[in-house]
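Pasting model36.txt here (compact mmCIF, N, CA and C atoms and all ligand atoms):
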# COMPACT_ATOMS: atom_id res chain seq x y z
N MET A 1 137.66 169.37 162.86
CA MET A 1 138.56 168.46 162.11
C MET A 1 138.20 167.01 162.45
N ASP A 2 137.89 166.24 161.43
CA ASP A 2 137.34 164.90 161.62
C ASP A 2 138.22 163.97 162.44
N ASN A 3 139.52 163.89 162.08
CA ASN A 3 140.33 162.90 162.81
C ASN A 3 141.37 163.51 163.75
N CYS A 4 141.08 164.70 164.24
CA CYS A 4 141.94 165.32 165.26
C CYS A 4 141.52 164.78 166.64
N ILE A 5 142.50 164.25 167.39
CA ILE A 5 142.21 163.65 168.71
C ILE A 5 141.53 164.65 169.64
N PHE A 6 142.03 165.89 169.66
CA PHE A 6 141.47 166.85 170.61
C PHE A 6 140.09 167.34 170.16
N CYS A 7 139.85 167.42 168.86
CA CYS A 7 138.48 167.72 168.40
C CYS A 7 137.55 166.59 168.80
N LYS A 8 138.03 165.35 168.73
CA LYS A 8 137.20 164.20 169.16
C LYS A 8 136.89 164.30 170.66
N ILE A 9 137.88 164.72 171.45
CA ILE A 9 137.64 164.93 172.89
C ILE A 9 136.58 166.01 173.08
N LEU A 10 136.69 167.10 172.31
CA LEU A 10 135.70 168.19 172.43
C LEU A 10 134.30 167.72 172.06
N ARG A 11 134.20 166.81 171.10
CA ARG A 11 132.88 166.29 170.68
C ARG A 11 132.38 165.17 171.61
N GLY A 12 133.24 164.75 172.56
CA GLY A 12 132.85 163.69 173.49
C GLY A 12 133.03 162.30 172.89
N GLU A 13 133.70 162.21 171.74
CA GLU A 13 133.90 160.90 171.10
C GLU A 13 135.04 160.11 171.76
N ILE A 14 135.96 160.85 172.40
CA ILE A 14 137.01 160.23 173.22
C ILE A 14 136.81 160.78 174.63
N PRO A 15 136.71 159.89 175.64
CA PRO A 15 136.49 160.39 177.00
C PRO A 15 137.68 161.19 177.53
N SER A 16 137.42 162.14 178.39
CA SER A 16 138.50 162.91 179.03
C SER A 16 138.04 163.32 180.41
N THR A 17 138.99 163.61 181.26
CA THR A 17 138.67 164.07 182.61
C THR A 17 138.70 165.59 182.62
N LYS A 18 137.50 166.17 182.60
CA LYS A 18 137.37 167.63 182.50
C LYS A 18 137.82 168.33 183.78
N VAL A 19 138.57 169.41 183.59
CA VAL A 19 139.01 170.23 184.72
C VAL A 19 138.34 171.60 184.66
N TYR A 20 138.07 172.08 183.44
CA TYR A 20 137.50 173.42 183.25
C TYR A 20 136.90 173.51 181.86
N GLU A 21 135.84 174.31 181.74
CA GLU A 21 135.27 174.57 180.42
C GLU A 21 134.58 175.92 180.41
N ASP A 22 134.76 176.68 179.32
CA ASP A 22 133.92 177.86 179.08
C ASP A 22 133.58 177.86 177.60
N GLU A 23 133.08 178.98 177.08
CA GLU A 23 132.61 178.97 175.69
C GLU A 23 133.75 178.83 174.67
N LYS A 24 134.98 179.20 175.07
CA LYS A 24 136.10 179.17 174.12
C LYS A 24 137.15 178.11 174.39
N TYR A 25 137.28 177.69 175.67
CA TYR A 25 138.39 176.81 176.04
C TYR A 25 137.90 175.60 176.83
N TYR A 26 138.69 174.53 176.77
CA TYR A 26 138.38 173.29 177.49
C TYR A 26 139.70 172.79 178.09
N ALA A 27 139.64 172.30 179.31
CA ALA A 27 140.84 171.78 179.96
C ALA A 27 140.56 170.40 180.54
N PHE A 28 141.55 169.51 180.41
CA PHE A 28 141.38 168.12 180.86
C PHE A 28 142.74 167.56 181.26
N ARG A 29 142.71 166.44 181.99
CA ARG A 29 143.96 165.84 182.48
C ARG A 29 144.69 165.11 181.35
N ASP A 30 146.01 165.29 181.29
CA ASP A 30 146.82 164.58 180.29
C ASP A 30 146.79 163.09 180.58
N ILE A 31 146.67 162.28 179.53
CA ILE A 31 146.57 160.83 179.69
C ILE A 31 147.89 160.21 180.18
N ASN A 32 148.98 160.93 179.97
CA ASN A 32 150.31 160.42 180.34
C ASN A 32 151.05 161.49 181.14
N PRO A 33 150.61 161.69 182.41
CA PRO A 33 151.11 162.85 183.18
C PRO A 33 152.62 162.85 183.40
N GLN A 34 153.22 164.04 183.19
CA GLN A 34 154.67 164.23 183.36
C GLN A 34 154.98 164.96 184.67
N ALA A 35 153.97 165.23 185.47
CA ALA A 35 154.13 165.85 186.78
C ALA A 35 152.89 165.48 187.59
N LYS A 36 152.92 165.76 188.89
CA LYS A 36 151.77 165.43 189.75
C LYS A 36 150.48 166.01 189.19
N GLU A 37 150.56 167.25 188.74
CA GLU A 37 149.43 167.88 188.04
C GLU A 37 149.86 168.11 186.60
N HIS A 38 149.12 167.58 185.67
CA HIS A 38 149.42 167.79 184.24
C HIS A 38 148.09 167.93 183.50
N ILE A 39 147.78 169.17 183.17
CA ILE A 39 146.51 169.52 182.54
C ILE A 39 146.79 170.08 181.15
N LEU A 40 145.91 169.79 180.21
CA LEU A 40 146.00 170.38 178.88
C LEU A 40 144.85 171.37 178.71
N VAL A 41 145.17 172.56 178.22
CA VAL A 41 144.15 173.57 177.94
C VAL A 41 144.12 173.78 176.43
N ILE A 42 142.93 173.65 175.85
CA ILE A 42 142.82 173.76 174.39
C ILE A 42 141.69 174.73 174.01
N PRO A 43 141.85 175.39 172.85
CA PRO A 43 140.72 176.17 172.35
C PRO A 43 139.69 175.23 171.73
N LYS A 44 138.42 175.64 171.75
CA LYS A 44 137.37 174.80 171.17
C LYS A 44 137.39 174.83 169.64
N CYS A 45 138.05 175.84 169.06
CA CYS A 45 138.20 175.85 167.60
C CYS A 45 139.49 175.12 167.25
N HIS A 46 139.50 174.47 166.09
CA HIS A 46 140.71 173.75 165.67
C HIS A 46 141.72 174.71 165.07
N VAL A 47 142.82 174.91 165.80
CA VAL A 47 143.96 175.70 165.34
C VAL A 47 145.17 174.80 165.56
N LYS A 48 146.07 174.74 164.56
CA LYS A 48 147.16 173.76 164.61
C LYS A 48 148.14 173.97 165.77
N ASN A 49 148.61 175.18 165.94
CA ASN A 49 149.59 175.44 167.00
C ASN A 49 149.75 176.96 167.20
N VAL A 50 150.68 177.36 168.07
CA VAL A 50 150.84 178.79 168.36
C VAL A 50 151.17 179.61 167.13
N ALA A 51 151.87 178.98 166.18
CA ALA A 51 152.27 179.72 164.97
C ALA A 51 151.06 180.09 164.11
N GLN A 52 149.95 179.39 164.29
CA GLN A 52 148.75 179.63 163.48
C GLN A 52 147.69 180.45 164.24
N ALA A 53 147.93 180.70 165.52
CA ALA A 53 146.88 181.31 166.36
C ALA A 53 146.99 182.84 166.36
N ASP A 54 145.86 183.51 166.50
CA ASP A 54 145.91 184.98 166.57
C ASP A 54 146.12 185.44 168.02
N GLU A 55 146.40 186.72 168.14
CA GLU A 55 146.78 187.31 169.42
C GLU A 55 145.70 187.11 170.49
N ALA A 56 144.46 187.31 170.12
CA ALA A 56 143.36 187.20 171.10
C ALA A 56 143.23 185.77 171.61
N LEU A 57 143.34 184.81 170.69
CA LEU A 57 143.20 183.40 171.08
C LEU A 57 144.35 182.99 172.01
N LEU A 58 145.58 183.41 171.65
CA LEU A 58 146.74 183.07 172.50
C LEU A 58 146.66 183.73 173.85
N GLY A 59 146.25 185.00 173.86
CA GLY A 59 146.11 185.71 175.13
C GLY A 59 145.09 185.01 176.01
N GLY A 60 143.95 184.67 175.41
CA GLY A 60 142.89 184.00 176.16
C GLY A 60 143.32 182.64 176.67
N LEU A 61 144.06 181.93 175.83
CA LEU A 61 144.51 180.57 176.20
C LEU A 61 145.45 180.61 177.40
N PHE A 62 146.45 181.50 177.35
CA PHE A 62 147.41 181.59 178.47
C PHE A 62 146.76 182.19 179.72
N TYR A 63 145.88 183.15 179.51
CA TYR A 63 145.17 183.72 180.66
C TYR A 63 144.33 182.64 181.34
N THR A 64 143.62 181.85 180.53
CA THR A 64 142.78 180.78 181.07
C THR A 64 143.63 179.73 181.78
N ALA A 65 144.77 179.39 181.20
CA ALA A 65 145.66 178.40 181.82
C ALA A 65 146.13 178.88 183.20
N ALA A 66 146.47 180.15 183.29
CA ALA A 66 146.94 180.69 184.58
C ALA A 66 145.81 180.67 185.62
N ARG A 67 144.56 180.97 185.18
CA ARG A 67 143.42 180.94 186.11
C ARG A 67 143.15 179.50 186.58
N ILE A 68 143.28 178.55 185.66
CA ILE A 68 143.06 177.14 186.03
C ILE A 68 144.12 176.69 187.04
N ALA A 69 145.38 177.08 186.80
CA ALA A 69 146.46 176.74 187.73
C ALA A 69 146.15 177.30 189.12
N GLU A 70 145.66 178.52 189.14
CA GLU A 70 145.28 179.17 190.40
C GLU A 70 144.16 178.36 191.09
N ASN A 71 143.14 178.00 190.29
CA ASN A 71 142.00 177.25 190.86
C ASN A 71 142.39 175.85 191.33
N LEU A 72 143.44 175.30 190.72
CA LEU A 72 143.94 173.99 191.16
C LEU A 72 144.75 174.10 192.44
N GLY A 73 145.01 175.34 192.87
CA GLY A 73 145.75 175.56 194.11
C GLY A 73 147.26 175.47 193.92
N LEU A 74 147.73 175.73 192.70
CA LEU A 74 149.18 175.64 192.44
C LEU A 74 149.86 176.95 192.85
N ASN A 75 149.66 177.33 194.10
CA ASN A 75 150.16 178.63 194.57
C ASN A 75 151.66 178.66 194.81
N GLU A 76 152.32 177.49 194.75
CA GLU A 76 153.79 177.46 194.85
C GLU A 76 154.43 177.64 193.46
N GLY A 77 153.60 177.71 192.44
CA GLY A 77 154.11 177.90 191.08
C GLY A 77 153.74 176.76 190.16
N PHE A 78 154.01 176.97 188.88
CA PHE A 78 153.66 175.98 187.86
C PHE A 78 154.41 176.35 186.58
N ARG A 79 154.29 175.50 185.57
CA ARG A 79 154.94 175.78 184.28
C ARG A 79 153.92 175.63 183.17
N LEU A 80 153.92 176.58 182.23
CA LEU A 80 153.08 176.49 181.04
C LEU A 80 153.99 176.21 179.84
N ILE A 81 153.63 175.20 179.07
CA ILE A 81 154.44 174.83 177.90
C ILE A 81 153.52 174.66 176.69
N THR A 82 153.98 175.13 175.54
CA THR A 82 153.29 174.76 174.31
C THR A 82 154.33 174.34 173.28
N ASN A 83 154.21 173.12 172.81
CA ASN A 83 155.13 172.59 171.81
C ASN A 83 154.61 172.95 170.43
N CYS A 84 155.54 173.32 169.53
CA CYS A 84 155.15 173.76 168.19
C CYS A 84 155.99 173.09 167.12
N GLY A 85 155.33 172.32 166.27
CA GLY A 85 156.01 171.74 165.10
C GLY A 85 156.98 170.63 165.43
N LYS A 86 157.75 170.23 164.42
CA LYS A 86 158.64 169.06 164.53
C LYS A 86 159.73 169.26 165.57
N HIS A 87 160.48 170.36 165.47
CA HIS A 87 161.56 170.60 166.44
C HIS A 87 161.03 170.83 167.84
N GLY A 88 159.82 171.31 167.94
CA GLY A 88 159.19 171.51 169.26
C GLY A 88 158.57 170.24 169.81
N ALA A 89 158.67 169.14 169.03
CA ALA A 89 158.14 167.83 169.44
C ALA A 89 156.63 167.87 169.72
N GLN A 90 155.91 168.61 168.87
CA GLN A 90 154.45 168.64 169.00
C GLN A 90 153.90 167.33 168.44
N SER A 91 153.13 166.61 169.25
CA SER A 91 152.60 165.32 168.80
C SER A 91 151.13 165.38 168.44
N VAL A 92 150.39 166.33 168.99
CA VAL A 92 148.98 166.49 168.63
C VAL A 92 148.82 167.87 167.99
N GLU A 93 148.35 167.88 166.74
CA GLU A 93 148.28 169.12 165.98
C GLU A 93 146.96 169.86 166.20
N HIS A 94 146.68 170.12 167.46
CA HIS A 94 145.58 171.01 167.88
C HIS A 94 146.18 171.81 169.04
N LEU A 95 146.24 173.11 168.87
CA LEU A 95 146.88 173.99 169.86
C LEU A 95 146.52 173.60 171.29
N HIS A 96 147.54 173.50 172.14
CA HIS A 96 147.30 173.19 173.56
C HIS A 96 148.44 173.75 174.41
N VAL A 97 148.08 174.13 175.63
CA VAL A 97 149.07 174.53 176.62
C VAL A 97 149.08 173.47 177.71
N HIS A 98 150.28 172.99 178.04
CA HIS A 98 150.43 172.07 179.16
C HIS A 98 150.56 172.90 180.44
N ILE A 99 149.81 172.55 181.48
CA ILE A 99 150.05 173.09 182.82
C ILE A 99 150.72 171.98 183.61
N LEU A 100 151.93 172.24 184.08
CA LEU A 100 152.65 171.26 184.89
C LEU A 100 152.89 171.86 186.27
N GLY A 101 152.67 171.07 187.30
CA GLY A 101 152.91 171.57 188.65
C GLY A 101 152.53 170.55 189.70
N GLY A 102 152.30 171.05 190.91
CA GLY A 102 151.94 170.18 192.01
C GLY A 102 153.15 169.60 192.72
N GLU A 103 154.34 169.89 192.21
CA GLU A 103 155.59 169.42 192.81
C GLU A 103 156.72 170.28 192.23
N GLN A 104 157.93 170.15 192.81
CA GLN A 104 159.08 170.90 192.29
C GLN A 104 159.47 170.36 190.91
N LEU A 105 159.49 171.24 189.90
CA LEU A 105 159.92 170.84 188.56
C LEU A 105 161.41 171.10 188.40
N GLY A 106 162.02 170.42 187.41
CA GLY A 106 163.45 170.59 187.15
C GLY A 106 163.75 171.92 186.49
N GLU A 107 165.02 172.31 186.53
CA GLU A 107 165.42 173.57 185.91
C GLU A 107 165.65 173.42 184.42
N ASP A 108 165.82 172.17 183.95
CA ASP A 108 166.09 171.91 182.54
C ASP A 108 164.80 172.04 181.73
N MET A 109 164.73 173.04 180.88
CA MET A 109 163.51 173.24 180.09
C MET A 109 163.57 172.52 178.76
N ASN A 110 164.68 171.84 178.47
CA ASN A 110 164.80 171.10 177.22
C ASN A 110 164.59 169.62 177.46
N GLY A 111 163.73 169.31 178.42
CA GLY A 111 163.44 167.92 178.75
C GLY A 111 162.37 167.37 177.84
N LYS A 112 161.81 166.22 178.24
CA LYS A 112 160.80 165.58 177.41
C LYS A 112 159.55 166.45 177.30
N ARG A 113 159.10 166.99 178.42
CA ARG A 113 157.98 167.95 178.41
C ARG A 113 158.16 168.91 179.56
P1 LIG B 201 152.37 167.52 172.66
O1 LIG B 201 153.45 166.49 172.61
O2 LIG B 201 151.66 167.62 171.32
O3 LIG B 201 152.78 168.84 173.19
O4 LIG B 201 151.31 167.00 173.73
C1 LIG B 201 150.25 166.15 173.46
C2 LIG B 201 149.78 165.63 174.78
O5 LIG B 201 148.52 165.04 174.60
C3 LIG B 201 150.69 164.54 175.37
O6 LIG B 201 151.16 164.98 176.65
C4 LIG B 201 149.79 163.32 175.46
O7 LIG B 201 150.01 162.56 176.63
C5 LIG B 201 148.40 163.93 175.44
N1 LIG B 201 147.38 163.07 174.86
C6 LIG B 201 147.45 162.43 173.65
N2 LIG B 201 146.32 161.75 173.42
C7 LIG B 201 145.52 161.98 174.49
C8 LIG B 201 144.19 161.52 174.83
O8 LIG B 201 143.53 160.80 174.10
N3 LIG B 201 143.70 161.96 176.03
C9 LIG B 201 144.40 162.77 176.86
N4 LIG B 201 143.80 163.11 178.02
N5 LIG B 201 145.64 163.21 176.58
C10 LIG B 201 146.19 162.82 175.41
ZN ZN B 202 141.37 169.68 166.52

What do you get writing this file as structure tokens?
Amino acid sequence: MDNCIFCKILRGEIPSTKVYEDEKYYAFRDINPQAKEHILVIPKCHVKNVAQADEALLGGLFYTAARIAENLGLNEGFRLITNCGKHGAQSVEHLHVHILGGEQLGEDMNGKR
């Protein structure tokens, strides 16, 4: 997708701080971190959000996110979030999972992120 921010990151047109990469997924640090550790995991193919993704892609995405959290040493726990559509406050329309951790997170899951 020509003007998708995350596709531009995948093409190297926008710089990002890489945390992990394989043939299907790419992970990088969020530009506006909401926790001590805030990583975004995205598929290399352009898919709008979870509502558009197939079972294999979603399984792989969440599995990869959990492995990355493990490799980051988040052994006290972490949170995976994916925002979908207007009510979900999705701001970038390229499927992504947020990994939040590195510190105690709040119990309120209806927060900003
Ligand atoms: P959403 O609100 O769609 O779930 O999350 C989009 C996330 O992408 C936000 O947390 C935002 O900070 C992050 N983001 C937006 N543009 C960029 C960028 O150019 N680089 C990086 N690293 N993160 C970005
Ligand atoms: Zn895209």

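Between A:Ile68 and the residues A:Ile31, A:Val19, A:Val50, A:Ala56, the shortest atom-to-atom distance, using only C-alpha atoms, involves A:Val19.
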
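All residues in chain A with a DSSP state of strand (DSSP E), computed from the backbone, read Lys18, Val19, Tyr20, Glu21, Tyr25, Tyr26, Ala27, Phe28, Arg29, Glu37, His38, Ile39, Leu40, Val41, Ile42, Pro43, Phe78, Arg79, Leu80, Ile81, Val97, His98, Ile99, Leu100 and Gly101 of chain A.
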
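Going from atom C6 of ligand LIG 201 (chain B) over to atom CA of A:Leu61, you cover 18.6 Å.
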
What does the list of residues within 5 Å of ligand ZN 202 (chain B) look like if you count all atoms listed in the file, written as a PDB file with N, CA and C atoms, keeping the file's coordinate frame?
ATOM      1  N   CYS A   4     141.080 164.700 164.240  1.00  0.00           N
ATOM      2  CA  CYS A   4     141.940 165.320 165.260  1.00  0.00           C
ATOM      3  C   CYS A   4     141.520 164.780 166.640  1.00  0.00           C
ATOM      4  N   PHE A   6     142.030 165.890 169.660  1.00  0.00           N
ATOM      5  CA  PHE A   6     141.470 166.850 170.610  1.00  0.00           C
ATOM      6  C   PHE A   6     140.090 167.340 170.160  1.00  0.00           C
ATOM      7  N   CYS A   7     139.850 167.420 168.860  1.00  0.00           N
ATOM      8  CA  CYS A   7     138.480 167.720 168.400  1.00  0.00           C
ATOM      9  C   CYS A   7     137.550 166.590 168.800  1.00  0.00           C
ATOM     10  N   HIS A  46     139.500 174.470 166.090  1.00  0.00           N
ATOM     11  CA  HIS A  46     140.710 173.750 165.670  1.00  0.00           C
ATOM     12  C   HIS A  46     141.720 174.710 165.070  1.00  0.00           C
ATOM     13  N   HIS A  94     146.680 170.120 167.460  1.00  0.00           N
ATOM     14  CA  HIS A  94     145.580 171.010 167.880  1.00  0.00           C
ATOM     15  C   HIS A  94     146.180 171.810 169.040  1.00  0.00           C
TER      16      HIS A  94
END

Inset, instruction - Could you please determine the separation between atom CA of A:Asn83 and atom CA of A:Ala51 in Å, to one decimal place? - result: 10.3 Å

Generate all heavy atoms for stretch 56-67 of chain A and emit them as an mmCIF file, in the coordinates of the input.
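Contents of selection16.cif, as written:
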data_model
loop_
_atom_site.group_PDB
_atom_site.id
_atom_site.type_symbol
_atom_site.label_atom_id
_atom_site.label_comp_id
_atom_site.auth_asym_id
_atom_site.auth_seq_id
_atom_site.Cartn_x
_atom_site.Cartn_y
_atom_site.Cartn_z
ATOM 1 N N ALA A 56 144.460 187.310 170.120
ATOM 2 C CA ALA A 56 143.360 187.200 171.100
ATOM 3 C C ALA A 56 143.230 185.770 171.610
ATOM 4 O O ALA A 56 143.064 185.538 172.809
ATOM 5 C CB ALA A 56 142.061 187.666 170.464
ATOM 6 N N LEU A 57 143.340 184.810 170.690
ATOM 7 C CA LEU A 57 143.200 183.400 171.080
ATOM 8 C C LEU A 57 144.350 182.990 172.010
ATOM 9 O O LEU A 57 144.129 182.348 173.043
ATOM 10 C CB LEU A 57 143.177 182.504 169.838
ATOM 11 C CG LEU A 57 142.884 181.028 170.121
ATOM 12 C CD1 LEU A 57 141.439 180.835 170.560
ATOM 13 C CD2 LEU A 57 143.181 180.169 168.914
ATOM 14 N N LEU A 58 145.580 183.410 171.650
ATOM 15 C CA LEU A 58 146.740 183.070 172.500
ATOM 16 C C LEU A 58 146.660 183.730 173.850
ATOM 17 O O LEU A 58 146.943 183.097 174.882
ATOM 18 C CB LEU A 58 148.036 183.512 171.816
ATOM 19 C CG LEU A 58 148.579 182.618 170.727
ATOM 20 C CD1 LEU A 58 149.931 183.125 170.284
ATOM 21 C CD2 LEU A 58 148.665 181.184 171.214
ATOM 22 N N GLY A 59 146.250 185.000 173.860
ATOM 23 C CA GLY A 59 146.110 185.710 175.130
ATOM 24 C C GLY A 59 145.090 185.010 176.010
ATOM 25 O O GLY A 59 145.331 184.773 177.198
ATOM 26 N N GLY A 60 143.950 184.670 175.410
ATOM 27 C CA GLY A 60 142.890 184.000 176.160
ATOM 28 C C GLY A 60 143.320 182.640 176.670
ATOM 29 O O GLY A 60 143.004 182.248 177.798
ATOM 30 N N LEU A 61 144.060 181.930 175.830
ATOM 31 C CA LEU A 61 144.510 180.570 176.200
ATOM 32 C C LEU A 61 145.450 180.610 177.400
ATOM 33 O O LEU A 61 145.274 179.876 178.374
ATOM 34 C CB LEU A 61 145.201 179.933 174.986
ATOM 35 C CG LEU A 61 145.667 178.497 175.132
ATOM 36 C CD1 LEU A 61 144.482 177.555 175.310
ATOM 37 C CD2 LEU A 61 146.474 178.070 173.903
ATOM 38 N N PHE A 62 146.450 181.500 177.350
ATOM 39 C CA PHE A 62 147.410 181.590 178.470
ATOM 40 C C PHE A 62 146.760 182.190 179.720
ATOM 41 O O PHE A 62 147.052 181.760 180.834
ATOM 42 C CB PHE A 62 148.668 182.364 178.045
ATOM 43 C CG PHE A 62 149.667 181.482 177.361
ATOM 44 C CD1 PHE A 62 149.522 181.137 176.027
ATOM 45 C CD2 PHE A 62 150.737 180.936 178.064
ATOM 46 C CE1 PHE A 62 150.423 180.281 175.401
ATOM 47 C CE2 PHE A 62 151.645 180.081 177.449
ATOM 48 C CZ PHE A 62 151.487 179.755 176.116
ATOM 49 N N TYR A 63 145.880 183.150 179.510
ATOM 50 C CA TYR A 63 145.170 183.720 180.660
ATOM 51 C C TYR A 63 144.330 182.640 181.340
ATOM 52 O O TYR A 63 144.365 182.490 182.565
ATOM 53 C CB TYR A 63 144.268 184.876 180.181
ATOM 54 C CG TYR A 63 143.505 185.535 181.299
ATOM 55 C CD1 TYR A 63 144.105 186.525 182.073
ATOM 56 C CD2 TYR A 63 142.208 185.144 181.603
ATOM 57 C CE1 TYR A 63 143.415 187.124 183.118
ATOM 58 C CE2 TYR A 63 141.512 185.732 182.651
ATOM 59 C CZ TYR A 63 142.128 186.717 183.398
ATOM 60 O OH TYR A 63 141.454 187.301 184.440
ATOM 61 N N THR A 64 143.620 181.850 180.530
ATOM 62 C CA THR A 64 142.780 180.780 181.070
ATOM 63 C C THR A 64 143.630 179.730 181.780
ATOM 64 O O THR A 64 143.274 179.264 182.868
ATOM 65 C CB THR A 64 141.956 180.139 179.926
ATOM 66 O OG1 THR A 64 141.169 181.163 179.317
ATOM 67 C CG2 THR A 64 141.045 179.038 180.440
ATOM 68 N N ALA A 65 144.770 179.390 181.200
ATOM 69 C CA ALA A 65 145.660 178.400 181.820
ATOM 70 C C ALA A 65 146.130 178.880 183.200
ATOM 71 O O ALA A 65 146.159 178.104 184.164
ATOM 72 C CB ALA A 65 146.854 178.120 180.902
ATOM 73 N N ALA A 66 146.470 180.150 183.290
ATOM 74 C CA ALA A 66 146.940 180.690 184.580
ATOM 75 C C ALA A 66 145.810 180.670 185.620
ATOM 76 O O ALA A 66 146.043 180.374 186.801
ATOM 77 C CB ALA A 66 147.485 182.102 184.398
ATOM 78 N N ARG A 67 144.560 180.970 185.180
ATOM 79 C CA ARG A 67 143.420 180.940 186.110
ATOM 80 C C ARG A 67 143.150 179.500 186.580
ATOM 81 O O ARG A 67 142.827 179.250 187.739
ATOM 82 C CB ARG A 67 142.154 181.507 185.453
ATOM 83 C CG ARG A 67 142.214 182.983 185.061
ATOM 84 C CD ARG A 67 142.218 183.936 186.239
ATOM 85 N NE ARG A 67 143.501 184.017 186.929
ATOM 86 C CZ ARG A 67 144.582 184.603 186.433
ATOM 87 N NH1 ARG A 67 144.574 185.161 185.239
ATOM 88 N NH2 ARG A 67 145.695 184.645 187.125
#
